[in-house]
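All remarks here apply to the structure that follows.
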Amino acid sequence: MHINGGCHCGNISYQADVDSNNVVICHCTDCQIISGAPYRTTLYTSENDFTLNSGTLKTYIKTAESGNLREQNFCPECGSQIYATSVGDTNRSFGIRVGTINQRDQLIPKTQYFCDSAQSWVQDLSSMKKIGKE
Ligand SMILES: [Zn+2]
Ligand SMILES: [Zn+2]
């Protein structure tokens, strides 16, 4: 599937060829803090299938609890998170942040990771009062 997307301010734009089955949710505490949201939704693809069309990303390198280093790439103007990847390897896997993809309505997560750090209410959104058109 061909996708495209970008940041909120329009500085960053990209395109990629992806497998729409590779969408996951991560409930880890790093994802909660970095995104400011209860979890992050990510589409994994190969570095070779991703093209940055405009802008220059800013990179923050985080150290995971495991000691692994992860590059977090985001727009330096508006802060939108674009993708994360490993540090230094060749032929890397890019984890694109699904919220920045124009076709996000077609990208349904298949797996949830780090469920032991998930917020207790996220599995039951359907029971909440709803405002706005569904
Ligand atoms: Zn931006
Ligand atoms: Zn995570």
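Following the order of the structure tokens, first chain is A, next is B, and so on, with residues numbered from 1 inside each chain and ligands from 1 in the order they appear.
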Return as a ChimeraX atom specification every polymer residue, whether protein, DNA or RNA, with at least one atom no more than 8 Å from an atom of ligand 1; count only C-alpha atoms and all ligand atoms.
/A:6-12,74-80
Print the selection's residues with N, CA and C atoms to a file, as a PDB file, in the first residue's frame.
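part.pdb, written as the output of this step:
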ATOM      1  N   GLY A   6       2.561  13.714   6.819  1.00  0.00           N
ATOM      2  CA  GLY A   6       3.427  14.812   7.213  1.00  0.00           C
ATOM      3  C   GLY A   6       3.036  15.358   8.568  1.00  0.00           C
ATOM      4  N   CYS A   7       3.739  16.411   8.961  1.00  0.00           N
ATOM      5  CA  CYS A   7       3.537  17.010  10.286  1.00  0.00           C
ATOM      6  C   CYS A   7       2.381  18.003  10.256  1.00  0.00           C
ATOM      7  N   HIS A   8       2.051  18.541  11.408  1.00  0.00           N
ATOM      8  CA  HIS A   8       0.905  19.444  11.514  1.00  0.00           C
ATOM      9  C   HIS A   8       1.138  20.776  10.825  1.00  0.00           C
ATOM     10  N   CYS A   9       2.375  21.310  10.864  1.00  0.00           N
ATOM     11  CA  CYS A   9       2.627  22.659  10.313  1.00  0.00           C
ATOM     12  C   CYS A   9       2.938  22.636   8.821  1.00  0.00           C
ATOM     13  N   GLY A  10       3.157  21.468   8.238  1.00  0.00           N
ATOM     14  CA  GLY A  10       3.408  21.374   6.802  1.00  0.00           C
ATOM     15  C   GLY A  10       4.878  21.372   6.414  1.00  0.00           C
ATOM     16  N   ASN A  11       5.784  21.540   7.364  1.00  0.00           N
ATOM     17  CA  ASN A  11       7.227  21.532   7.095  1.00  0.00           C
ATOM     18  C   ASN A  11       7.700  20.173   6.581  1.00  0.00           C
ATOM     19  N   ILE A  12       7.235  19.111   7.252  1.00  0.00           N
ATOM     20  CA  ILE A  12       7.672  17.746   6.920  1.00  0.00           C
ATOM     21  C   ILE A  12       6.608  17.064   6.078  1.00  0.00           C
ATOM     22  N   PHE A  74      11.287  13.966  14.676  1.00  0.00           N
ATOM     23  CA  PHE A  74      10.093  14.817  14.753  1.00  0.00           C
ATOM     24  C   PHE A  74      10.336  16.141  14.044  1.00  0.00           C
ATOM     25  N   CYS A  75       9.240  16.851  13.758  1.00  0.00           N
ATOM     26  CA  CYS A  75       9.342  18.158  13.117  1.00  0.00           C
ATOM     27  C   CYS A  75       9.879  19.180  14.126  1.00  0.00           C
ATOM     28  N   PRO A  76      10.963  19.904  13.773  1.00  0.00           N
ATOM     29  CA  PRO A  76      11.527  20.874  14.716  1.00  0.00           C
ATOM     30  C   PRO A  76      10.653  22.113  14.886  1.00  0.00           C
ATOM     31  N   GLU A  77       9.689  22.314  13.990  1.00  0.00           N
ATOM     32  CA  GLU A  77       8.823  23.503  14.065  1.00  0.00           C
ATOM     33  C   GLU A  77       7.584  23.257  14.919  1.00  0.00           C
ATOM     34  N   CYS A  78       6.894  22.148  14.679  1.00  0.00           N
ATOM     35  CA  CYS A  78       5.619  21.915  15.387  1.00  0.00           C
ATOM     36  C   CYS A  78       5.667  20.740  16.349  1.00  0.00           C
ATOM     37  N   GLY A  79       6.741  19.941  16.322  1.00  0.00           N
ATOM     38  CA  GLY A  79       6.890  18.847  17.288  1.00  0.00           C
ATOM     39  C   GLY A  79       6.191  17.558  16.924  1.00  0.00           C
ATOM     40  N   SER A  80       5.484  17.517  15.795  1.00  0.00           N
ATOM     41  CA  SER A  80       4.807  16.265  15.416  1.00  0.00           C
ATOM     42  C   SER A  80       5.838  15.142  15.278  1.00  0.00           C
TER      43      SER A  80
END
Cut-off 9 Å, only C-alpha atoms and all ligand atoms, neighbours of ligand 2 as a CSV table (one decimal) with N, CA and C atoms, in the first residue's frame:
chain,number,residue,atom,x,y,z
A,25,ILE,N,0.0,-1.1,18.4
A,25,ILE,CA,-0.1,-0.1,19.5
A,25,ILE,C,1.0,-0.4,20.6
A,26,CYS,N,1.6,0.6,21.1
A,26,CYS,CA,2.5,0.4,22.2
A,26,CYS,C,2.1,1.2,23.4
A,27,HIS,N,1.9,0.5,24.5
A,27,HIS,CA,1.5,1.1,25.8
A,27,HIS,C,2.6,1.4,26.7
A,28,CYS,N,3.9,1.3,26.3
A,28,CYS,CA,5.0,1.5,27.2
A,28,CYS,C,5.1,2.9,27.7
A,29,THR,N,5.7,3.1,28.9
A,29,THR,CA,5.7,4.4,29.5
A,29,THR,C,6.5,5.5,28.7
A,30,ASP,N,7.5,5.0,27.9
A,30,ASP,CA,8.2,6.0,27.1
A,30,ASP,C,7.3,6.5,26.0
A,31,CYS,N,6.5,5.6,25.4
A,31,CYS,CA,5.5,6.1,24.4
A,31,CYS,C,4.5,7.0,25.0
A,32,GLN,N,4.1,6.8,26.2
A,32,GLN,CA,3.1,7.7,26.8
A,32,GLN,C,3.7,9.1,27.1
A,39,TYR,N,-1.2,6.0,24.6
A,39,TYR,CA,-0.4,5.0,23.8
A,39,TYR,C,0.0,5.5,22.5
A,40,ARG,N,0.9,4.9,21.8
A,40,ARG,CA,1.2,5.3,20.4
A,40,ARG,C,0.9,4.2,19.4
A,41,THR,N,0.5,4.6,18.2
A,41,THR,CA,0.2,3.7,17.2
A,41,THR,C,1.2,3.8,16.1
A,113,TYR,N,1.4,-3.9,22.4
A,113,TYR,CA,2.6,-4.3,23.2
A,113,TYR,C,2.6,-3.5,24.5
A,114,PHE,N,3.4,-4.1,25.5
A,114,PHE,CA,3.6,-3.5,26.8
A,114,PHE,C,2.3,-3.2,27.5
Q: Write down as a VMD selection string the residues of range 37-96 of chain A whose backbone DSSP state falls under strand (DSSP E).
A: chain A and resid 40 to 46 50 to 54 58 to 63 69 to 74 81 to 86 93 to 96
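Atom pair CA of Asn4 in chain A / CA of Ser86 in chain A: separated by 21.8 Å.
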Near-Ser120 in chain A list (12 Å; only C-alpha atoms; drop same-chain fewer than 3 positions) as a PyMOL selection string: chain A and resi 27+38-39+115-117+123-125
Those residues you just picked out, can you put them in a file as a compact mmCIF listing (two decimals), in the first residue's frame with C-alpha atoms?
# COMPACT_ATOMS: atom_id res chain seq x y z
CA HIS A 27 1.49 1.09 25.79
CA PRO A 38 -2.09 7.10 26.56
CA TYR A 39 -0.40 4.99 23.83
CA CYS A 115 0.04 -4.08 28.02
CA ASP A 116 1.34 -4.30 31.60
CA SER A 117 1.93 -0.52 31.54
CA GLN A 123 -9.45 -1.08 26.62
CA ASP A 124 -12.98 0.16 27.22
CA LEU A 125 -13.46 3.48 25.37
